[in-house]
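Below: start-v9.csv (CSV, C-alpha atoms)
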```csv
chain,number,residue,atom,x,y,z
L,1,MET,CA,-35.1,93.6,48.6
L,2,ASN,CA,-32.5,93.6,51.3
L,3,ASN,CA,-32.3,89.8,51.1
L,4,PHE,CA,-30.6,90.4,47.6
L,5,ILE,CA,-27.6,92.1,49.3
L,6,GLY,CA,-24.5,90.0,48.6
L,7,LYS,CA,-26.1,88.3,45.6
L,8,LYS,CA,-25.3,88.6,41.9
L,9,VAL,CA,-28.1,90.5,40.2
L,10,ILE,CA,-29.1,92.2,37.1
L,11,VAL,CA,-30.3,95.8,37.6
L,12,ARG,CA,-32.3,97.8,35.1
L,13,GLY,CA,-32.0,101.6,35.4
L,14,ASP,CA,-34.7,103.9,34.2
L,15,ARG,CA,-32.2,105.7,32.0
L,16,SER,CA,-28.8,104.4,32.9
L,17,GLY,CA,-29.0,101.0,31.3
L,18,VAL,CA,-28.7,97.4,32.4
L,19,PHE,CA,-26.0,96.1,34.8
L,20,PHE,CA,-24.7,92.8,36.3
L,21,GLY,CA,-22.9,92.7,39.6
L,22,THR,CA,-23.0,91.9,43.3
L,23,LEU,CA,-25.6,94.0,45.1
L,24,ALA,CA,-23.8,95.8,48.0
L,25,ALA,CA,-26.4,98.3,49.1
L,26,LYS,CA,-29.8,99.7,48.2
L,27,GLU,CA,-31.7,102.7,49.4
L,28,GLY,CA,-34.8,103.8,47.4
L,29,GLN,CA,-33.8,103.8,43.8
L,30,GLU,CA,-30.1,104.0,44.5
L,31,VAL,CA,-28.1,100.9,44.5
L,32,LYS,CA,-24.4,100.1,44.8
L,33,LEU,CA,-23.0,97.2,42.7
L,34,GLU,CA,-19.6,95.7,43.1
L,35,LYS,CA,-17.7,93.8,40.4
L,36,CYS,CA,-20.1,95.3,37.9
L,37,ARG,CA,-20.5,95.1,34.1
L,38,ARG,CA,-22.8,97.1,31.9
L,39,LEU,CA,-24.9,94.8,29.7
L,40,TRP,CA,-24.9,97.0,26.6
L,41,TYR,CA,-26.4,94.4,24.2
L,42,TRP,CA,-27.3,90.7,24.6
L,43,ASP,CA,-28.3,88.0,22.2
L,44,GLY,CA,-29.6,84.5,23.1
L,45,ALA,CA,-32.1,85.7,25.7
L,46,ALA,CA,-35.5,87.3,25.0
L,47,SER,CA,-35.4,89.6,28.1
L,48,ILE,CA,-33.3,90.5,31.1
L,49,SER,CA,-35.6,88.2,33.1
L,50,GLN,CA,-34.5,85.2,30.9
L,51,LEU,CA,-30.9,86.4,31.0
L,52,ALA,CA,-31.1,86.3,34.8
L,53,VAL,CA,-32.5,82.8,34.8
L,54,ASP,CA,-30.8,81.1,31.8
L,55,GLY,CA,-27.9,83.4,30.8
L,56,THR,CA,-27.2,83.8,27.1
L,57,THR,CA,-27.2,81.1,24.5
L,58,ASN,CA,-25.1,83.3,22.1
L,59,PRO,CA,-22.3,84.8,24.1
L,60,SER,CA,-20.2,85.7,21.1
L,61,GLU,CA,-22.8,88.3,20.0
L,62,CYS,CA,-23.2,90.0,23.4
L,63,LYS,CA,-21.7,93.3,24.2
L,64,PHE,CA,-20.8,93.4,27.9
L,65,THR,CA,-18.3,96.0,29.1
L,66,VAL,CA,-15.2,95.6,31.4
L,67,THR,CA,-15.8,95.0,35.1
L,68,VAL,CA,-15.5,97.9,37.4
L,69,ASP,CA,-14.9,97.5,41.1
L,70,GLU,CA,-18.0,99.4,42.1
L,71,ILE,CA,-20.7,101.6,40.7
L,72,GLY,CA,-23.6,103.7,42.0
L,73,ILE,CA,-26.8,103.5,40.0
L,74,LEU,CA,-29.2,106.2,40.9
L,75,ASP,CA,-32.3,105.1,38.9
L,76,ALA,CA,-32.8,101.4,39.6
L,77,ILE,CA,-36.3,100.3,38.7
L,78,GLU,CA,-35.8,96.5,38.5
L,79,ILE,CA,-33.4,94.1,40.4
L,80,ILE,CA,-33.4,90.5,39.4
L,81,PRO,CA,-31.3,87.9,41.3
L,82,CYS,CA,-29.3,85.6,39.0
L,83,THR,CA,-29.2,81.8,39.0
L,84,GLY,CA,-25.9,79.9,39.1
L,85,LYS,CA,-26.4,79.0,35.4
L,86,ALA,CA,-26.9,82.6,34.4
L,87,ILE,CA,-23.9,83.8,36.5
L,88,GLU,CA,-21.7,81.3,34.8
L,89,SER,CA,-23.0,82.3,31.4
L,90,ILE,CA,-22.7,86.1,31.9
L,91,GLU,CA,-19.3,85.9,33.4
L,92,SER,CA,-18.0,83.8,30.4
L,93,VAL,CA,-18.8,86.6,27.9
L,94,GLY,CA,-15.7,88.3,26.7
L,95,VAL,CA,-15.2,92.0,27.3
L,96,TRP,CA,-16.6,94.3,24.6
L,97,ALA,CA,-14.4,97.3,24.1
L,98,ARG,CA,-13.2,99.7,21.4
```
Could you write out this structure as structure tokens?
Amino acid sequence: MNNFIGKKVIVRGDRSGVFFGTLAAKEGQEVKLEKCRRLWYWDGAASISQLAVDGTTNPSECKFTVTVDEIGILDAIEIIPCTGKAIESIESVGVWAR
């Protein structure tokens, strides 16, 4: 997993949710992401695995939050590196806010 450091990844937390960002550090289930967005809801991908490979085919229906400089996730149970195609797609989704 340390070879994922510095790469853009999707992290699934056990209870905290799904996140996209650059993996800065990992120790056990604790990870630090930089330039991170919470992926609240996505459409156009069947799973986070497909989202990490293909991105979304329906970005207007996705609910991705604002980007925060860094976040600590204490319950990471899955880390998936993203392809260039997926990164471009995810980063093109507008901010969902209220």
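With distances restricted to all atoms listed in the file, L:Thr83 is the closest residue to Ala52 in chain L from L:Thr83, L:Thr67, L:Asn3, L:Thr22.
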| When distances are computed from only C-alpha atoms, which of L:Asp14, L:Asp54, L:Asp43, L:Glu27 shows the smallest separation from Ser89 in chain L? | L:Asp54
| task | Using all atoms listed in the file, determine which residues lie at most 12 Å from range 35-39 of chain L, disregarding the query and same-chain residues fewer than 3 positions distant; provide the list as number ranges by chain. | result | L: 6-13, 16-24, 31-32, 42-43, 47-48, 51-52, 55-56, 59, 61-73, 90-91, 93-97
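As for CA of Ile77 in chain L and CA of Ile5 in chain L, they are spaced 16.0 Å apart.
The gap separating CA of Glu30 in chain L from CA of Asp75 in chain L is 6.1 Å, in Å to one decimal.
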| request: Check the smallest atom-to-atom distance from each of L:Ala46, L:Ser92, L:Ala76, L:Ala86 to Ser60 in chain L using only C-alpha atoms, then report the winner. | output: L:Ser92
| request: Tell me, in Å to one decimal, how far CA of Glu88 in chain L is from CA of Trp40 in chain L. | output: 18.0 Å
Might I get the box with edges along x, y and z of the file that holds all atoms of range 9-14 of chain L listed there, padded by 4 Å on every side, given as centre and edge lengths in Å to one decimal, as lines of an AutoDock Vina configuration file?
```
center_x = -31.4
center_y = 97.2
center_z = 37.2
size_x = 14.6
size_y = 21.4
size_z = 14.0
```
| So, counting only C-alpha atoms, which residue among L:Gly44, L:Glu78, L:Asn58, L:Gln50 is closest to Gly28 in chain L? | L:Glu78
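Among the candidate residues L:Leu74, L:Cys82, L:Ile87, L:Leu33, the one lying nearest to Ser49 in chain L is L:Cys82, with distances computed using all atoms listed in the file.
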